[in-house]
>>> print(open('query16.tsv').read())   # TSV, C-alpha atoms
chain	number	residue	atom	x	y	z
K	629	MET	CA	-54.59	90.93	26.08
K	630	THR	CA	-58.30	90.92	26.90
K	631	ASP	CA	-58.20	93.26	29.89
K	632	PRO	CA	-57.29	96.92	29.32
K	633	VAL	CA	-53.67	97.91	29.82
K	634	THR	CA	-53.89	100.17	32.84
K	635	GLU	CA	-51.39	102.78	33.97
K	636	GLU	CA	-50.62	100.57	36.96
K	637	LEU	CA	-49.75	97.67	34.66
K	638	LEU	CA	-47.55	99.88	32.50
K	639	ASN	CA	-45.65	101.19	35.52
K	640	ALA	CA	-45.13	97.64	36.77
K	641	TYR	CA	-43.93	96.62	33.30
K	642	VAL	CA	-41.37	99.44	33.17
K	643	ASP	CA	-40.21	98.52	36.69
K	644	GLY	CA	-39.91	94.83	35.76
K	645	GLU	CA	-42.38	93.75	38.43
K	646	LEU	CA	-44.87	91.72	36.36
K	647	SER	CA	-45.10	87.94	36.20
K	648	PRO	CA	-43.68	86.37	33.02
K	649	GLY	CA	-47.16	85.85	31.60
K	650	ASP	CA	-48.37	89.40	32.25
K	651	ASP	CA	-45.03	90.76	31.10
K	652	ALA	CA	-45.39	89.01	27.73
K	653	ARG	CA	-48.99	90.15	27.29
K	654	VAL	CA	-48.14	93.79	27.99
K	655	ALA	CA	-45.16	93.56	25.62
K	656	GLN	CA	-47.46	92.25	22.87
K	657	ALA	CA	-49.92	95.09	23.48
K	658	ILE	CA	-47.10	97.62	23.23
K	659	ALA	CA	-45.87	96.07	19.98
K	660	ARG	CA	-49.35	96.43	18.45
K	661	ASP	CA	-50.02	100.01	19.55
K	662	PRO	CA	-47.54	102.80	18.61
K	663	ALA	CA	-49.26	105.28	20.96
K	664	LEU	CA	-48.92	102.85	23.86
K	665	ALA	CA	-45.28	102.26	22.94
K	666	ALA	CA	-44.59	105.99	22.97
K	667	HIS	CA	-46.27	106.31	26.39
K	668	VAL	CA	-44.17	103.46	27.81
K	669	ALA	CA	-41.03	105.10	26.42
K	670	THR	CA	-41.96	108.34	28.20
K	671	LEU	CA	-42.57	106.49	31.47
K	672	SER	CA	-39.21	104.78	31.16
K	673	ARG	CA	-37.38	108.06	30.44
K	674	VAL	CA	-39.01	109.84	33.37
K	675	LYS	CA	-38.22	107.00	35.78
K	676	SER	CA	-34.63	106.90	34.54
K	677	ALA	CA	-34.26	110.64	34.93
K	678	LEU	CA	-35.69	110.68	38.43
K	679	SER	CA	-33.77	107.68	39.72
K	680	GLY	CA	-30.35	107.80	38.14
K	681	MET	CA	-29.39	111.31	37.14
K	682	ALA	CA	-28.11	114.45	38.74
K	683	VAL	CA	-30.18	117.53	39.46
K	684	GLU	CA	-27.35	119.98	38.71
K	685	PRO	CA	-26.14	120.94	35.21
K	686	ALA	CA	-23.60	118.59	33.68
K	687	GLU	CA	-20.02	119.66	33.05
K	688	SER	CA	-20.12	118.44	29.45
K	689	ILE	CA	-17.06	118.10	27.28
K	690	HIS	CA	-17.02	120.79	24.59
K	691	LEU	CA	-17.45	119.72	20.97
K	692	PRO	CA	-17.80	121.87	17.85
K	693	SER	CA	-21.43	122.68	17.10
K	694	HIS	CA	-21.30	121.55	13.46
K	695	ARG	CA	-22.51	118.21	12.18
K	696	TRP	CA	-20.29	116.01	10.07
K	697	SER	CA	-21.60	116.64	6.54
K	698	LYS	CA	-21.29	113.92	3.91
K	699	ALA	CA	-18.71	116.06	2.12
K	700	MET	CA	-16.63	116.41	5.30
K	701	LEU	CA	-16.70	112.65	5.85
K	702	ALA	CA	-15.63	112.05	2.25
K	703	VAL	CA	-12.68	114.44	2.63
K	704	ALA	CA	-11.68	112.85	5.94
K	705	ALA	CA	-11.73	109.42	4.34
K	706	SER	CA	-9.71	110.50	1.30
K	707	VAL	CA	-6.91	112.36	3.09
K	708	GLY	CA	-6.78	110.41	6.36
K	709	LEU	CA	-7.55	113.54	8.35
K	710	PHE	CA	-7.56	111.82	11.73
K	711	VAL	CA	-4.71	109.34	11.33
K	712	ALA	CA	-2.14	111.40	13.22
K	713	VAL	CA	-4.52	112.27	16.03
K	714	MET	CA	-6.44	109.04	16.38
K	715	SER	CA	-3.89	106.42	15.35
K	716	GLY	CA	-6.13	104.91	12.71
K	717	VAL	CA	-9.16	104.47	14.95
K	718	LEU	CA	-11.55	106.37	12.72
K	719	THR	CA	-10.29	106.10	9.15
K	720	GLY	CA	-11.65	102.63	8.42
K	721	PHE	CA	-15.10	103.63	9.55
K	722	LEU	CA	-15.19	106.26	6.80
K	723	HIS	CA	-14.81	103.67	4.03
K	724	PHE	CA	-18.19	102.00	4.43
K	725	GLY	CA	-19.78	99.80	1.81
K	726	ASP	CA	-23.45	99.88	0.94
K	727	ASP	CA	-24.39	98.10	4.18
K	728	ARG	CA	-23.46	101.07	6.39
K	729	SER	CA	-25.16	104.37	5.69
K	730	SER	CA	-24.20	108.00	6.25
K	731	TRP	CA	-25.94	108.31	9.65
K	732	TYR	CA	-23.61	105.58	10.91
K	733	GLN	CA	-20.56	107.30	9.46
K	734	GLU	CA	-21.49	110.47	11.30
K	735	ALA	CA	-22.01	108.58	14.56
K	736	ALA	CA	-18.58	106.93	14.22
K	737	ALA	CA	-16.91	110.28	13.51
K	738	VAL	CA	-18.61	111.97	16.47
K	739	HIS	CA	-17.63	109.15	18.83
K	740	ALA	CA	-14.01	109.15	17.65
K	741	GLU	CA	-13.74	112.91	18.14
K	742	TRP	CA	-15.40	112.80	21.57
K	743	ALA	CA	-13.44	109.75	22.74
K	744	PHE	CA	-10.14	111.60	22.34
K	745	GLU	CA	-11.19	114.76	24.15
K	746	PRO	CA	-9.71	115.17	27.67
K	747	SER	CA	-12.00	113.87	30.39
K	748	ALA	CA	-12.60	115.12	33.92
K	749	PRO	CA	-12.74	112.09	36.27
K	750	ASP	CA	-15.26	113.87	38.51
K	751	ALA	CA	-17.57	115.05	35.69
K	752	ARG	CA	-21.16	115.32	36.84
K	753	GLU	CA	-23.94	113.25	35.40
K	754	VAL	CA	-26.28	114.80	32.85
K	755	ASP	CA	-29.01	116.95	34.36
K	756	ALA	CA	-32.35	115.12	34.40
K	757	ASN	CA	-34.25	118.05	32.88
K	758	LEU	CA	-31.75	118.39	30.02
K	759	TYR	CA	-32.08	114.67	29.35
K	760	LEU	CA	-35.88	114.77	29.17
K	761	VAL	CA	-35.97	117.90	27.01
K	762	SER	CA	-33.42	116.41	24.59
K	763	MET	CA	-35.40	113.19	24.31
K	764	ASP	CA	-38.54	115.21	23.56
K	765	ARG	CA	-36.73	117.19	20.86
K	766	LEU	CA	-35.65	113.96	19.20
K	767	ASN	CA	-39.37	113.16	18.81
K	768	LEU	CA	-38.73	109.41	18.93
K	769	PRO	CA	-39.43	106.95	21.79
K	770	ALA	CA	-35.71	106.36	22.35
K	771	GLN	CA	-34.25	104.68	25.43
K	772	ALA	CA	-31.03	105.48	27.29
K	773	PRO	CA	-30.41	102.76	29.90
K	774	ASP	CA	-28.78	103.55	33.23
K	775	LEU	CA	-25.32	101.95	32.97
K	776	THR	CA	-24.06	102.64	36.49
K	777	SER	CA	-24.04	98.88	37.12
K	778	ALA	CA	-21.52	98.65	34.26
K	779	LYS	CA	-19.41	101.33	35.98
K	780	LEU	CA	-20.40	103.96	33.39
K	781	ARG	CA	-22.21	107.26	33.98
K	782	LEU	CA	-24.07	109.46	31.50
K	783	THR	CA	-21.92	112.60	31.62
K	784	TYR	CA	-22.32	113.97	28.09
K	785	LEU	CA	-25.39	114.69	25.98
K	786	LYS	CA	-25.68	116.57	22.70
K	787	PHE	CA	-28.74	117.02	20.48
K	788	TYR	CA	-28.22	117.51	16.75
K	789	GLU	CA	-30.87	119.30	14.73
K	790	ALA	CA	-31.98	117.76	11.43
K	791	ASP	CA	-30.21	119.18	8.38
K	792	ALA	CA	-29.89	118.50	4.65
K	793	ASP	CA	-27.77	115.40	5.22
K	794	TYR	CA	-29.20	113.78	8.35
K	795	PRO	CA	-32.31	113.51	10.51
K	796	ALA	CA	-32.20	114.77	14.11
K	797	ALA	CA	-29.91	112.72	16.34
K	798	LEU	CA	-28.95	112.39	19.98
K	799	HIS	CA	-25.44	111.58	21.23
K	800	LEU	CA	-25.32	110.17	24.75
K	801	GLY	CA	-21.82	109.81	26.17
K	802	TYR	CA	-21.06	107.47	29.07
K	803	THR	CA	-17.75	107.67	30.91
K	804	GLY	CA	-15.99	105.51	33.48
K	805	ARG	CA	-13.25	106.24	35.99
K	806	ARG	CA	-10.70	104.06	34.19
K	807	GLY	CA	-10.57	105.73	30.79
K	808	CYS	CA	-13.74	104.23	29.31
K	809	ARG	CA	-15.85	106.14	26.79
K	810	LEU	CA	-19.06	104.69	25.37
K	811	THR	CA	-21.40	106.39	22.89
K	812	LEU	CA	-25.07	105.59	22.40
K	813	TRP	CA	-26.39	107.26	19.23
K	814	ALA	CA	-30.11	107.48	18.45
K	815	THR	CA	-31.72	108.80	15.27
K	816	ALA	CA	-34.51	108.00	12.80
K	817	ALA	CA	-33.99	104.53	11.37
K	818	PRO	CA	-33.32	103.85	7.69
K	819	HIS	CA	-35.99	101.54	6.30
K	820	LYS	CA	-33.68	98.55	5.71
K	821	LEU	CA	-31.81	98.60	9.02
K	822	ASP	CA	-32.06	95.22	10.77
K	823	THR	CA	-33.59	94.84	14.22
K	824	ARG	CA	-30.91	92.31	15.14
K	825	LEU	CA	-27.70	93.38	16.84
K	826	ALA	CA	-24.92	93.73	14.24
K	827	GLU	CA	-21.27	94.14	15.23
K	828	PHE	CA	-18.56	96.08	13.40
K	829	ARG	CA	-14.96	96.75	14.32
K	830	GLU	CA	-12.07	98.81	13.01
K	831	GLY	CA	-8.79	99.03	14.90
K	832	LYS	CA	-9.50	99.70	18.58
K	833	MET	CA	-13.06	100.88	17.93
K	834	ARG	CA	-15.90	98.38	18.14
K	835	SER	CA	-19.53	99.17	17.48
K	836	PHE	CA	-22.97	97.64	17.33
K	837	ARG	CA	-26.05	98.89	15.57
K	838	TRP	CA	-29.71	97.91	15.36
K	839	ARG	CA	-33.22	99.21	14.76
K	840	GLN	CA	-36.11	99.31	17.20
K	841	GLY	CA	-39.30	100.51	15.55
K	842	ARG	CA	-38.56	103.91	13.99
K	843	ILE	CA	-35.28	104.35	15.87
K	844	ALA	CA	-31.75	103.54	14.72
K	845	TYR	CA	-29.28	102.89	17.53
K	846	ALA	CA	-25.50	102.65	17.39
K	847	LEU	CA	-23.22	101.83	20.31
K	848	PHE	CA	-19.49	102.61	20.17
K	849	ALA	CA	-16.59	101.95	22.53
K	850	THR	CA	-12.86	102.42	22.10
K	851	GLY	CA	-10.43	100.11	23.87
K	852	MET	CA	-13.05	98.42	26.07
K	853	GLU	CA	-12.51	94.79	27.08
K	854	GLU	CA	-14.32	92.46	24.66
K	855	ASN	CA	-16.62	90.56	27.02
K	856	ARG	CA	-17.64	93.70	28.86
K	857	PHE	CA	-18.65	95.62	25.74
K	858	THR	CA	-20.37	92.60	24.20
K	859	MET	CA	-22.54	92.15	27.29
K	860	ILE	CA	-23.30	95.88	27.54
K	861	ALA	CA	-24.38	95.90	23.88
K	862	ALA	CA	-26.60	92.84	24.32
K	863	LYS	CA	-28.27	94.27	27.41
K	864	VAL	CA	-28.77	97.75	25.91
K	865	HIS	CA	-30.26	96.13	22.79
K	866	GLU	CA	-32.65	94.14	24.98
K	867	ALA	CA	-33.59	97.20	27.04
K	868	THR	CA	-34.42	99.25	23.95
K	869	ARG	CA	-36.46	96.37	22.55
K	870	LYS	CA	-38.48	95.98	25.76
K	871	MET	CA	-38.49	99.76	26.37
K	872	ARG	CA	-37.57	99.59	30.04
K	873	GLY	CA	-34.57	99.57	32.35
K	874	PHE	CA	-32.45	96.68	33.56
K	875	ASP	CA	-33.72	94.14	36.07
K	876	ASP	CA	-31.69	93.03	39.11
K	877	GLU	CA	-30.25	90.00	37.31
K	878	THR	CA	-28.99	92.14	34.44
K	879	ARG	CA	-27.48	94.74	36.76
K	880	MET	CA	-25.68	91.99	38.69
K	881	ALA	CA	-24.27	90.48	35.48
K	882	LEU	CA	-23.06	93.88	34.25
K	883	ARG	CA	-21.52	94.65	37.62
K	884	GLU	CA	-19.65	91.34	37.61
K	885	VAL	CA	-18.27	91.55	34.06
K	886	SER	CA	-17.28	95.21	34.49
K	887	GLY	CA	-15.59	94.50	37.81
K	888	LYS	CA	-13.38	91.86	36.19
K	889	ALA	CA	-12.52	93.93	33.11
K	890	PRO	CA	-9.20	95.79	32.84
K	891	PRO	CA	-9.11	99.58	32.28
K	892	CYS	CA	-10.05	100.76	28.80
K	893	ALA	CA	-7.08	101.18	26.48
K	894	ALA	CA	-6.70	104.44	24.57
>>> encode(input="query16.tsv", output="structure tokens")
Amino acid sequence: MTDPVTEELLNAYVDGELSPGDDARVAQAIARDPALAAHVATLSRVKSALSGMAVEPAESIHLPSHRWSKAMLAVAASVGLFVAVMSGVLTGFLHFGDDRSSWYQEAAAVHAEWAFEPSAPDAREVDANLYLVSMDRLNLPAQAPDLTSAKLRLTYLKFYEADADYPAALHLGYTGRRGCRLTLWATAAPHKLDTRLAEFREGKMRSFRWRQGRIAYALFATGMEENRFTMIAAKVHEATRKMRGFDDETRMALREVSGKAPPCAA
């Protein structure tokens, strides 16, 4: 791009208001410049926080403060710790081969635990300030798309400090009014993680994972209708790749597929 990338252009890019040609040129500039990419990620987070989130503290679902250590995951896998509680949803995820690393095991365990906690149908959305502070603590240009068009609201957020087993991570929990629970997990990406969307499934739990720059993402849902979750995953993957929110066409497609989908099965 020969002309400088101005703040006005970046704002228009995040808002999806550029022509296809300008959009592509700005995207190329972002791909070449990590500092510019980080700035665009910040713009996107701020716009998301200001437009789609509550200003009061969230009524988050309580979870234990510990992280799932590698030893804990190994024990859970060997003795089937969650079989009685989770009807086999989690156990298979704990028997990964070499293609699925420990960060992904932890994300699966956290989602399975959270997905079976009781949910308040009128839970408030995550406070905008808490969201921005948590994103800053992660120290990665992560994206958390607004999924209200998919009938899901961001009602749970938990930041995990780095420890001996894992890098820092962020768990974003989206809930619907018909039993749906969706987890978006963001952490530092392992070197070999593919940028393409990869699907995994075990029992009633489906998941997708991918890498965008230095960030590893995983998306989990339990009992969600196939077409709905597949489209959500594809659109979230695209949003993280472009580092901006959904356009009107995407929101309409998500609204349509979610409106036709049955309630999520436990």
>>> residues_near_point(input="query16.tsv", point="(-20.8, 114.8, 21.9)", cutoff="7 Å", atoms="only C-alpha atoms", output="MDAnalysis selection string")
chainID K and resid 691 738 742 784:786 799 801
>>> atom_distance(input="query16.tsv", atom1="CA of Phe836 (chain K)", atom2="CA of Leu638 (chain K)")
29.0 Å
>>> residues_around(input="query16.tsv", residues="Leu825 (chain K)", least_positions_apart="5", cutoff="12 Å", atoms="all atoms listed in the file", output="compact mmCIF listing (two decimals) with C-alpha atoms, keeping the file's coordinate frame")
# COMPACT_ATOMS: atom_id res chain seq x y z
CA SER K 835 -19.53 99.17 17.48
CA PHE K 836 -22.97 97.64 17.33
CA ARG K 837 -26.05 98.89 15.57
CA TRP K 838 -29.71 97.91 15.36
CA ARG K 839 -33.22 99.21 14.76
CA GLN K 840 -36.11 99.31 17.20
CA ALA K 844 -31.75 103.54 14.72
CA TYR K 845 -29.28 102.89 17.53
CA ALA K 846 -25.50 102.65 17.39
CA LEU K 847 -23.22 101.83 20.31
CA THR K 858 -20.37 92.60 24.20
CA MET K 859 -22.54 92.15 27.29
CA ILE K 860 -23.30 95.88 27.54
CA ALA K 861 -24.38 95.90 23.88
CA ALA K 862 -26.60 92.84 24.32
CA LYS K 863 -28.27 94.27 27.41
CA VAL K 864 -28.77 97.75 25.91
CA HIS K 865 -30.26 96.13 22.79
CA GLU K 866 -32.65 94.14 24.98
CA THR K 868 -34.42 99.25 23.95
CA ARG K 869 -36.46 96.37 22.55
>>> atom_distance(input="query16.tsv", atom1="CA of Val761 (chain K)", atom2="CA of Thr783 (chain K)")
15.7 Å
>>> atom_distance(input="query16.tsv", atom1="CA of Val654 (chain K)", atom2="CA of Asp876 (chain K)")
19.9 Å
>>> closest_residue(input="query16.tsv", among="K:Thr823, K:Thr878, K:Asn639, K:Thr815", to="Glu734 (chain K)", atoms="only C-alpha atoms")
K:Thr815
>>> residues_around(input="query16.tsv", residues="Lys779 (chain K)", least_positions_apart="5", cutoff="9 Å", atoms="all atoms listed in the file", output="PyMOL selection string")
chain K and resi 803-805+882-883+886-887
>>> residues_around(input="query16.tsv", residues="Gly807 (chain K)", least_positions_apart="5", cutoff="12 Å", atoms="only C-alpha atoms", output="MDAnalysis selection string")
chainID K and resid 743:749 779:780 802 849:853 890:894
>>> write_last_selection(input="query16.tsv", atoms="C-alpha atoms", output="mmCIF file, keeping the file's coordinate frame")
data_model
loop_
_atom_site.group_PDB
_atom_site.id
_atom_site.type_symbol
_atom_site.label_atom_id
_atom_site.label_comp_id
_atom_site.auth_asym_id
_atom_site.auth_seq_id
_atom_site.Cartn_x
_atom_site.Cartn_y
_atom_site.Cartn_z
ATOM 1 C CA ALA K 743 -13.440 109.750 22.740
ATOM 2 C CA PHE K 744 -10.140 111.600 22.340
ATOM 3 C CA GLU K 745 -11.190 114.760 24.150
ATOM 4 C CA PRO K 746 -9.710 115.170 27.670
ATOM 5 C CA SER K 747 -12.000 113.870 30.390
ATOM 6 C CA ALA K 748 -12.600 115.120 33.920
ATOM 7 C CA PRO K 749 -12.740 112.090 36.270
ATOM 8 C CA LYS K 779 -19.410 101.330 35.980
ATOM 9 C CA LEU K 780 -20.400 103.960 33.390
ATOM 10 C CA TYR K 802 -21.060 107.470 29.070
ATOM 11 C CA ALA K 849 -16.590 101.950 22.530
ATOM 12 C CA THR K 850 -12.860 102.420 22.100
ATOM 13 C CA GLY K 851 -10.430 100.110 23.870
ATOM 14 C CA MET K 852 -13.050 98.420 26.070
ATOM 15 C CA GLU K 853 -12.510 94.790 27.080
ATOM 16 C CA PRO K 890 -9.200 95.790 32.840
ATOM 17 C CA PRO K 891 -9.110 99.580 32.280
ATOM 18 C CA CYS K 892 -10.050 100.760 28.800
ATOM 19 C CA ALA K 893 -7.080 101.180 26.480
ATOM 20 C CA ALA K 894 -6.700 104.440 24.570
#
>>> closest_residue(input="query16.tsv", among="K:Ile843, K:Ala756, K:Ala751, K:Trp731", to="Leu768 (chain K)", atoms="only C-alpha atoms")
K:Ile843
>>> residues_near_point(input="query16.tsv", point="(-30.7, 116.5, 28.6)", cutoff="10 Å", atoms="only C-alpha atoms", output="NGL selection string")
:K and (677 or 685-686 or 754-765 or 784-787 or 798 or 800)
>>> closest_residue(input="query16.tsv", among="K:Leu782, K:Ala816, K:Leu775, K:Ala736", to="Arg752 (chain K)", atoms="all atoms listed in the file")
K:Leu782
>>> closest_atom_pairs(input="query16.tsv", of="region 843-876 of chain K", to="region 644-647 of chain K", cutoff="10 Å", atoms="all atoms listed in the file", output="JSON lines")
{"residue": "K:Arg872", "atom": "CA", "partner": "K:Gly644", "partner_atom": "CA", "distance": 7.8}
{"residue": "K:Gly873", "atom": "CA", "partner": "K:Gly644", "partner_atom": "CA", "distance": 7.9}
{"residue": "K:Phe874", "atom": "CA", "partner": "K:Gly644", "partner_atom": "CA", "distance": 8.0}
{"residue": "K:Asp875", "atom": "CA", "partner": "K:Gly644", "partner_atom": "CA", "distance": 6.2}
{"residue": "K:Asp876", "atom": "CA", "partner": "K:Gly644", "partner_atom": "CA", "distance": 9.1}
>>> closest_residue(input="query16.tsv", among="K:Ala792, K:Leu766, K:Ala778, K:Ala737", to="Met880 (chain K)", atoms="only C-alpha atoms")
K:Ala778
>>> residues_around(input="query16.tsv", residues="Val633 (chain K)", least_positions_apart="4", cutoff="10 Å", atoms="only C-alpha atoms", output="list in words")
Met629, Leu637, Leu638, Arg653, Val654, Ala657, Ile658 and Leu664 of chain K
